[in-house]
>>> print(open('input16.cif').read())   # mmCIF, C-alpha atoms
data_model
loop_
_atom_site.label_atom_id
_atom_site.label_comp_id
_atom_site.auth_asym_id
_atom_site.auth_seq_id
_atom_site.Cartn_x
_atom_site.Cartn_y
_atom_site.Cartn_z
CA MET A 1 58.22 -13.87 5.47
CA THR A 2 57.92 -17.57 4.63
CA ARG A 3 54.91 -19.06 2.89
CA LEU A 4 53.80 -20.76 6.12
CA THR A 5 54.00 -17.49 8.06
CA GLU A 6 51.85 -15.79 5.44
CA PHE A 7 49.23 -18.52 5.73
CA GLU A 8 49.19 -18.23 9.52
CA ALA A 9 48.71 -14.44 9.31
CA HIS A 10 45.84 -14.85 6.85
CA ILE A 11 44.26 -17.52 9.05
CA ALA A 12 44.36 -15.19 12.05
CA SER A 13 42.70 -12.38 10.06
CA MET A 14 40.09 -14.75 8.67
CA GLY A 15 39.34 -15.99 12.19
CA ASP A 16 38.74 -12.40 13.35
CA LEU A 17 36.41 -11.88 10.38
CA LEU A 18 34.52 -15.05 11.28
CA ASP A 19 34.04 -13.73 14.83
CA ILE A 20 32.67 -10.42 13.51
CA VAL A 21 30.27 -12.16 11.13
CA GLY A 22 29.09 -14.42 13.93
CA ALA A 23 28.47 -11.44 16.21
CA LEU A 24 26.45 -9.63 13.52
CA ARG A 25 24.47 -12.79 12.87
CA SER A 26 23.63 -13.23 16.55
CA LEU A 27 22.68 -9.56 16.94
CA ALA A 28 20.37 -9.73 13.91
CA SER A 29 18.68 -12.83 15.32
CA MET A 30 18.11 -11.06 18.64
CA ARG A 31 16.62 -8.00 16.91
CA VAL A 32 14.20 -10.22 14.95
CA GLN A 33 13.00 -11.82 18.18
CA GLU A 34 12.57 -8.43 19.86
CA ALA A 35 10.46 -7.12 16.98
CA HIS A 36 8.26 -10.21 16.84
CA GLN A 37 7.67 -10.00 20.58
CA ALA A 38 6.56 -6.35 20.26
CA LEU A 39 4.17 -6.87 17.35
CA PRO A 40 1.23 -8.48 19.25
CA HIS A 41 1.13 -5.52 21.66
CA ILE A 42 1.12 -3.02 18.80
CA ARG A 43 -1.68 -4.89 17.04
CA ARG A 44 -3.78 -4.96 20.21
CA TYR A 45 -3.30 -1.21 20.54
CA ALA A 46 -4.52 -0.63 16.97
CA GLU A 47 -7.48 -2.95 17.54
CA THR A 48 -8.39 -1.07 20.72
CA MET A 49 -8.29 2.23 18.86
CA ALA A 50 -10.46 0.78 16.08
CA ALA A 51 -13.07 -0.37 18.62
CA SER A 52 -12.95 3.04 20.31
CA ILE A 53 -13.55 4.78 16.97
CA GLY A 54 -16.59 2.57 16.43
CA ALA A 55 -17.94 3.53 19.85
CA ALA A 56 -17.20 7.23 19.30
CA LEU A 57 -19.07 7.22 15.98
CA LEU A 58 -22.27 6.66 17.96
CA LEU A 59 -21.88 10.20 19.25
CA LEU A 60 -22.00 11.74 15.79
CA PRO A 61 -25.37 12.77 14.36
CA GLU A 62 -26.54 10.41 11.67
CA THR A 63 -26.95 13.31 9.29
CA GLU A 64 -23.39 14.53 9.78
CA PRO A 65 -21.41 13.62 6.68
CA VAL A 66 -17.89 12.28 6.98
CA ARG A 67 -15.78 14.30 4.60
CA GLN A 68 -13.23 12.18 2.79
CA LYS A 69 -10.99 13.17 -0.06
CA THR A 70 -9.89 10.40 -2.33
CA ALA A 71 -8.34 12.31 -5.24
CA GLY A 72 -5.24 14.45 -5.24
CA ARG A 73 -1.57 14.21 -4.47
CA ARG A 74 -0.46 10.97 -2.83
CA ALA A 75 2.29 10.26 -0.32
CA PHE A 76 4.06 6.92 0.01
CA VAL A 77 5.76 6.02 3.26
CA LEU A 78 8.59 3.54 2.61
CA CYS A 79 10.07 1.53 5.48
CA THR A 80 13.66 0.64 4.56
CA SER A 81 16.87 -0.25 6.40
CA GLU A 82 19.20 2.01 8.31
CA HIS A 83 22.31 -0.15 7.92
CA GLY A 84 23.79 -2.45 5.31
CA PHE A 85 24.41 -6.18 4.96
CA VAL A 86 20.77 -6.78 4.04
CA GLY A 87 21.13 -8.11 0.50
CA GLY A 88 18.40 -6.85 -1.83
CA PHE A 89 16.04 -5.82 0.98
CA ASN A 90 15.86 -2.11 0.07
CA GLU A 91 15.77 -2.82 -3.66
CA ARG A 92 12.62 -4.92 -3.23
CA VAL A 93 10.85 -2.14 -1.33
CA LEU A 94 11.82 0.48 -3.93
CA GLU A 95 10.84 -1.77 -6.84
CA ALA A 96 7.41 -2.35 -5.29
CA ALA A 97 7.00 1.40 -4.79
CA GLU A 98 8.03 2.26 -8.34
CA LYS A 99 5.19 0.12 -9.69
CA LEU A 100 2.73 2.40 -7.85
CA LEU A 101 4.38 5.82 -8.02
CA ASP A 102 3.20 8.58 -10.31
CA ARG A 103 5.23 11.62 -11.22
CA ASP A 104 3.55 13.91 -8.66
CA ASP A 105 3.60 11.47 -5.75
CA VAL A 106 5.63 12.31 -2.64
CA LEU A 107 8.03 9.98 -0.84
CA PHE A 108 8.47 9.81 2.93
CA VAL A 109 11.35 7.40 3.57
CA ILE A 110 12.26 5.78 6.87
CA GLY A 111 15.81 4.40 6.69
CA SER A 112 18.97 6.11 5.45
CA ARG A 113 19.88 3.30 3.05
CA GLY A 114 16.49 3.41 1.39
CA ALA A 115 16.59 7.20 1.09
CA ALA A 116 20.01 7.03 -0.57
CA LEU A 117 18.83 4.30 -2.94
CA ALA A 118 15.73 6.32 -3.87
CA GLN A 119 17.97 9.31 -4.61
CA GLU A 120 20.16 7.13 -6.86
CA ARG A 121 17.05 6.06 -8.77
CA GLY A 122 15.94 9.64 -9.30
CA ARG A 123 13.26 9.60 -6.59
CA ARG A 124 13.84 12.52 -4.27
CA SER A 125 12.45 12.14 -0.74
CA ALA A 126 10.27 14.92 0.62
CA TRP A 127 11.10 13.68 4.12
CA ALA A 128 13.59 11.12 5.38
CA HIS A 129 14.46 9.85 8.84
CA PRO A 130 16.83 7.18 10.19
CA MET A 131 15.18 3.83 10.91
CA ALA A 132 15.14 2.89 14.59
CA THR A 133 17.51 0.05 15.43
CA ARG A 134 15.30 -1.39 18.19
CA PRO A 135 11.51 -1.53 18.76
CA GLU A 136 11.81 0.89 21.69
CA GLY A 137 12.85 3.67 19.33
CA VAL A 138 10.03 3.17 16.82
CA PRO A 139 7.18 5.14 18.52
CA GLU A 140 9.18 8.37 18.71
CA MET A 141 10.24 7.97 15.08
CA ILE A 142 6.62 7.44 14.01
CA ARG A 143 5.47 10.49 15.98
CA ARG A 144 7.88 12.62 13.99
CA LEU A 145 6.61 11.08 10.77
CA THR A 146 2.93 11.64 11.63
CA THR A 147 3.66 15.24 12.64
CA GLU A 148 5.16 15.85 9.21
CA LEU A 149 2.31 14.08 7.42
CA TYR A 150 -0.34 16.04 9.31
CA ASP A 151 1.42 19.29 8.40
CA TRP A 152 1.25 18.36 4.74
CA ILE A 153 -2.40 17.31 5.04
CA ALA A 154 -3.30 20.51 6.93
CA ARG A 155 -1.76 22.55 4.08
CA ARG A 156 -3.89 20.47 1.69
CA GLU A 157 -0.79 19.26 -0.11
CA LEU A 158 -1.75 15.62 0.46
CA THR A 159 -5.08 13.87 0.19
CA ARG A 160 -3.92 10.25 0.32
CA VAL A 161 -1.21 8.43 2.30
CA GLU A 162 -0.07 4.84 1.73
CA VAL A 163 2.68 2.78 3.32
CA LEU A 164 4.92 0.02 1.94
CA PHE A 165 6.87 -2.26 4.24
CA ALA A 166 8.41 -5.73 4.29
CA ARG A 167 6.82 -8.48 6.36
CA HIS A 168 8.87 -11.46 7.52
CA ARG A 169 7.38 -14.76 8.58
CA GLN A 170 9.41 -17.63 9.98
CA GLY A 171 9.76 -20.40 7.42
CA SER A 172 8.43 -18.35 4.50
CA SER A 173 9.76 -15.68 2.16
CA THR A 174 9.53 -11.98 2.98
CA THR A 175 6.64 -10.15 1.31
CA ILE A 176 6.16 -6.45 0.54
CA GLU A 177 2.90 -5.16 2.06
CA HIS A 178 0.97 -2.18 0.74
CA ARG A 179 -1.56 -0.48 3.02
CA LEU A 180 -3.78 2.60 2.73
CA LEU A 181 -3.50 4.89 5.75
CA PHE A 182 -5.44 8.02 4.80
CA PRO A 183 -8.25 8.76 4.13
CA ILE A 184 -9.87 6.34 6.56
CA ASP A 185 -13.25 4.84 5.76
CA LEU A 186 -14.94 5.47 9.11
CA ALA A 187 -17.94 3.41 8.05
CA ALA A 188 -15.74 0.33 8.37
CA PHE A 189 -15.50 0.95 12.12
CA ALA A 190 -19.25 0.94 12.71
CA LEU A 191 -20.21 -1.45 15.51
CA ALA A 192 -22.08 -4.59 14.50
CA GLN A 193 -24.22 -4.33 17.63
CA LEU A 194 -25.41 -0.93 18.76
CA ARG A 195 -24.79 0.07 22.35
CA LEU A 196 -24.96 3.14 24.54
CA PRO A 197 -22.58 5.91 23.46
CA PRO A 198 -19.47 6.23 25.64
CA LEU A 199 -18.93 8.93 28.24
CA HIS A 200 -16.68 11.67 26.91
CA HIS A 201 -15.24 15.10 27.67
CA LEU A 202 -14.35 16.15 24.12
CA SER A 203 -16.66 17.14 21.32
CA PRO A 204 -17.67 14.09 19.22
CA SER A 205 -15.78 15.32 16.17
CA ALA A 206 -12.61 16.06 18.16
CA LEU A 207 -12.84 12.67 19.88
CA VAL A 208 -13.14 10.79 16.60
CA GLU A 209 -10.29 12.82 15.14
CA LYS A 210 -7.98 12.05 18.09
CA LEU A 211 -8.85 8.34 18.10
CA THR A 212 -8.24 8.21 14.36
CA ALA A 213 -4.81 9.79 14.82
CA ASP A 214 -3.95 7.20 17.49
CA TYR A 215 -5.17 4.43 15.20
CA LEU A 216 -2.91 5.66 12.39
CA LEU A 217 -0.04 5.83 14.87
CA GLY A 218 -0.63 2.16 15.68
CA LEU A 219 -0.75 1.14 12.02
CA LEU A 220 2.48 2.98 11.19
CA THR A 221 4.23 1.62 14.28
CA GLU A 222 3.24 -1.90 13.27
CA ALA A 223 4.55 -1.33 9.73
CA ALA A 224 7.87 0.03 11.03
CA ILE A 225 8.40 -2.85 13.46
CA GLU A 226 7.51 -5.36 10.74
CA ALA A 227 10.12 -3.68 8.55
CA LEU A 228 12.65 -3.76 11.40
CA ALA A 229 12.10 -7.50 11.84
CA SER A 230 12.41 -8.05 8.07
CA GLU A 231 15.59 -5.96 7.86
CA ASN A 232 17.27 -8.00 10.56
CA ALA A 233 15.99 -11.26 9.07
CA ALA A 234 17.65 -10.25 5.79
CA ARG A 235 20.84 -9.36 7.67
CA PHE A 236 20.76 -12.69 9.50
CA ALA A 237 20.47 -14.53 6.17
CA ALA A 238 23.34 -12.50 4.69
CA MET A 239 25.57 -13.10 7.70
CA ASP A 240 24.65 -16.79 7.79
CA SER A 241 25.73 -17.14 4.17
CA ALA A 242 28.87 -15.10 4.85
CA ARG A 243 29.74 -17.27 7.86
CA GLU A 244 29.46 -20.39 5.72
CA ASN A 245 31.66 -18.91 3.01
CA VAL A 246 34.27 -17.64 5.48
CA SER A 247 34.30 -21.01 7.26
CA LYS A 248 34.95 -22.81 3.98
CA LYS A 249 37.68 -20.35 3.07
CA LEU A 250 39.24 -20.68 6.53
CA GLU A 251 39.26 -24.47 6.31
CA GLN A 252 40.89 -24.30 2.88
CA MET A 253 43.54 -21.93 4.22
CA ARG A 254 44.21 -24.29 7.14
CA GLN A 255 44.70 -27.15 4.70
CA ASP A 256 47.08 -24.99 2.67
CA ALA A 257 48.95 -24.10 5.88
CA ARG A 258 49.28 -27.78 6.79
CA GLN A 259 50.60 -28.46 3.31
CA ALA A 260 53.05 -25.54 3.59
CA ARG A 261 54.21 -26.82 6.99
CA GLN A 262 54.76 -30.28 5.51
CA ASP A 263 56.68 -28.76 2.60
CA GLU A 264 58.94 -26.90 5.04
CA ILE A 265 59.58 -30.09 7.01
CA THR A 266 60.37 -31.97 3.82
CA THR A 267 62.75 -29.21 2.72
CA GLU A 268 64.53 -29.26 6.07
CA LEU A 269 64.92 -33.06 5.89
CA LEU A 270 66.33 -32.82 2.38
CA ASP A 271 68.77 -30.15 3.59
CA LEU A 272 69.88 -32.45 6.42
CA VAL A 273 70.35 -35.41 4.08
CA THR A 274 72.23 -33.29 1.57
CA GLY A 275 74.47 -31.91 4.31
CA ALA A 276 75.18 -35.33 5.73
CA GLU A 277 76.12 -36.64 2.27
CA ALA A 278 78.38 -33.65 1.73
CA LEU A 279 80.18 -34.34 5.03
CA GLN A 280 80.66 -38.03 4.16
CA GLY A 281 82.06 -37.10 0.75
CA ALA A 282 84.51 -34.67 2.34
#
>>> encode(input="input16.cif", output="structure tokens")
Amino acid sequence: MTRLTEFEAHIASMGDLLDIVGALRSLASMRVQEAHQALPHIRRYAETMAASIGAALLLLPETEPVRQKTAGRRAFVLCTSEHGFVGGFNERVLEAAEKLLDRDDVLFVIGSRGAALAQERGRRSAWAHPMATRPEGVPEMIRRLTTELYDWIARRELTRVEVLFARHRQGSSTTIEHRLLFPIDLAAFALAQLRLPPLHHLSPSALVEKLTADYLLGLLTEAAIEALASENAARFAAMDSARENVSKKLEQMRQDARQARQDEITTELLDLVTGAEALQGA
């Protein structure tokens, strides 16, 4: 195989790689847009549940205490990536968590890459689940997470639940958000203006409990979709940088191929001249 043929083979392979990188970049951009479009609806849902909790609290007797446990074993829910090509995305989430974790704290990890990274760092996950790849898959994933969390809480193995997730904003750097999920300070939901209690078919305590569960579902869904948008934003940035590097490499290889082609032409011309001179001498 001549030098020119080798260059042409490498150029073809590099072109295929550039196409793959471009496809991953476009897909990541689309996933970011999908997540950002879903977020306002999720936030409205959580706000509706918060307002409903405030209305339902009017049904509770004023003398009824709200039992809240603030001390005990904590759980941290970490929202990480399911796939690679995200740079230091998962490392940032784990580093933020390690600043808060105590020895007895429990990890619930969403995202296979994050769970593997936590294992490498000596942080064993009590529960792990693949991160959804699209917003449509997030609610079912969160339902499985909340079911597991409620089982732990019912067994009195957890008294506090917190979540860490990445938040991406266009034109600014990604931040790691830390939010308390449980216990909930129900006093914060009290209505500023009193009104008539709502009509209901459940007992007041059961109604507040169900609304609180739906509110937590909304908060966790928002956190997961924020993380999904941030994961794909990190992947877009990585693929954008890779596309630039591959494009530069491809252009350099094309220049080398042109030079190799010129060298072959020059060699052929020299061979012709040498042959003609040899014939004249004979």
>>> residues_around(input="input16.cif", residues="A:Ser26", least_positions_apart="4", cutoff="12 Å", atoms="all atoms listed in the file", output="VMD selection string")
chain A and resid 19 to 22 30 to 33 232 to 233 235 to 240 243
>>> closest_residue(input="input16.cif", among="A:Leu270, A:Val86, A:Ile225, A:Leu250", to="A:Ala28", atoms="all atoms listed in the file")
A:Val86
>>> atom_distance(input="input16.cif", atom1="atom CA of A:Glu226", atom2="atom CA of A:Leu117")
20.2 Å
>>> closest_residue(input="input16.cif", among="A:Ala56, A:Val106, A:Leu94, A:Ala75", to="A:Glu209", atoms="only C-alpha atoms")
A:Ala56
>>> atom_distance(input="input16.cif", atom1="atom CA of A:Glu8", atom2="atom CA of A:Ala257")
6.9 Å
>>> resolve_selection(input="input16.cif", expression="the PyMOL selection byres ((chain A and resi 134-151) around 7)", output="PDB file with C-alpha atoms, in the coordinates of the input")
ATOM      1  CA  ARG A  31      16.620  -8.000  16.910  1.00  0.00           C
ATOM      2  CA  ALA A  35      10.460  -7.120  16.980  1.00  0.00           C
ATOM      3  CA  ALA A 132      15.140   2.890  14.590  1.00  0.00           C
ATOM      4  CA  THR A 133      17.510   0.050  15.430  1.00  0.00           C
ATOM      5  CA  TRP A 152       1.250  18.360   4.740  1.00  0.00           C
ATOM      6  CA  ILE A 153      -2.400  17.310   5.040  1.00  0.00           C
ATOM      7  CA  ALA A 154      -3.300  20.510   6.930  1.00  0.00           C
ATOM      8  CA  ARG A 155      -1.760  22.550   4.080  1.00  0.00           C
ATOM      9  CA  LEU A 217      -0.040   5.830  14.870  1.00  0.00           C
ATOM     10  CA  LEU A 220       2.480   2.980  11.190  1.00  0.00           C
ATOM     11  CA  THR A 221       4.230   1.620  14.280  1.00  0.00           C
ATOM     12  CA  ALA A 224       7.870   0.030  11.030  1.00  0.00           C
ATOM     13  CA  ILE A 225       8.400  -2.850  13.460  1.00  0.00           C
TER      14      ILE A 225
END
>>> resolve_selection(input="input16.cif", expression="the PyMOL selection byres ((chain A and resi 116) around 12)", output="short mmCIF file (atom, residue, chain, number, x, y, z; two decimals) with C-alpha atoms, in the frame of the given file")
data_model
loop_
_atom_site.label_atom_id
_atom_site.label_comp_id
_atom_site.auth_asym_id
_atom_site.auth_seq_id
_atom_site.Cartn_x
_atom_site.Cartn_y
_atom_site.Cartn_z
CA THR A 80 13.66 0.64 4.56
CA SER A 81 16.87 -0.25 6.40
CA GLU A 82 19.20 2.01 8.31
CA HIS A 83 22.31 -0.15 7.92
CA GLY A 84 23.79 -2.45 5.31
CA ASN A 90 15.86 -2.11 0.07
CA GLU A 91 15.77 -2.82 -3.66
CA LEU A 94 11.82 0.48 -3.93
CA VAL A 109 11.35 7.40 3.57
CA ILE A 110 12.26 5.78 6.87
CA GLY A 111 15.81 4.40 6.69
CA SER A 112 18.97 6.11 5.45
CA ARG A 113 19.88 3.30 3.05
CA GLY A 114 16.49 3.41 1.39
CA ALA A 115 16.59 7.20 1.09
CA LEU A 117 18.83 4.30 -2.94
CA ALA A 118 15.73 6.32 -3.87
CA GLN A 119 17.97 9.31 -4.61
CA GLU A 120 20.16 7.13 -6.86
CA ARG A 121 17.05 6.06 -8.77
CA GLY A 122 15.94 9.64 -9.30
CA ARG A 123 13.26 9.60 -6.59
CA ARG A 124 13.84 12.52 -4.27
CA SER A 125 12.45 12.14 -0.74
CA ALA A 128 13.59 11.12 5.38
CA HIS A 129 14.46 9.85 8.84
CA PRO A 130 16.83 7.18 10.19
#
>>> atom_distance(input="input16.cif", atom1="atom CA of A:Val208", atom2="atom CA of A:Ile53")
6.0 Å
>>> axis_aligned_box(input="input16.cif", around="stretch 175-190 of chain A", padding_each_side="8 Å", output="AutoDock Vina command-line options")
--center_x -6.3 --center_y -0.7 --center_z 6.6 --size_x 41.9 --size_y 34.9 --size_z 28.2
>>> resolve_selection(input="input16.cif", expression="the PyMOL selection byres ((chain A and resi 167) around 6)", output="PyMOL selection string")
chain A and resi 166+168+174-175+226+230
>>> residues_around(input="input16.cif", residues="A:Glu251", least_positions_apart="3", cutoff="12 Å", atoms="all atoms listed in the file", output="list in words")
Phe7, His10, Ile11, Met14, Gly15, Leu18, Glu244, Asn245, Val246, Ser247, Lys248, Arg254, Gln255, Asp256, Ala257 and Arg258 of chain A
>>> closest_residue(input="input16.cif", among="A:Leu219, A:Ala260, A:Ala206, A:Leu78", to="A:Arg43", atoms="all atoms listed in the file")
A:Leu219
>>> closest_residue(input="input16.cif", among="A:Glu47, A:Glu277, A:Glu177, A:Asp263", to="A:Ala227", atoms="only C-alpha atoms")
A:Glu177
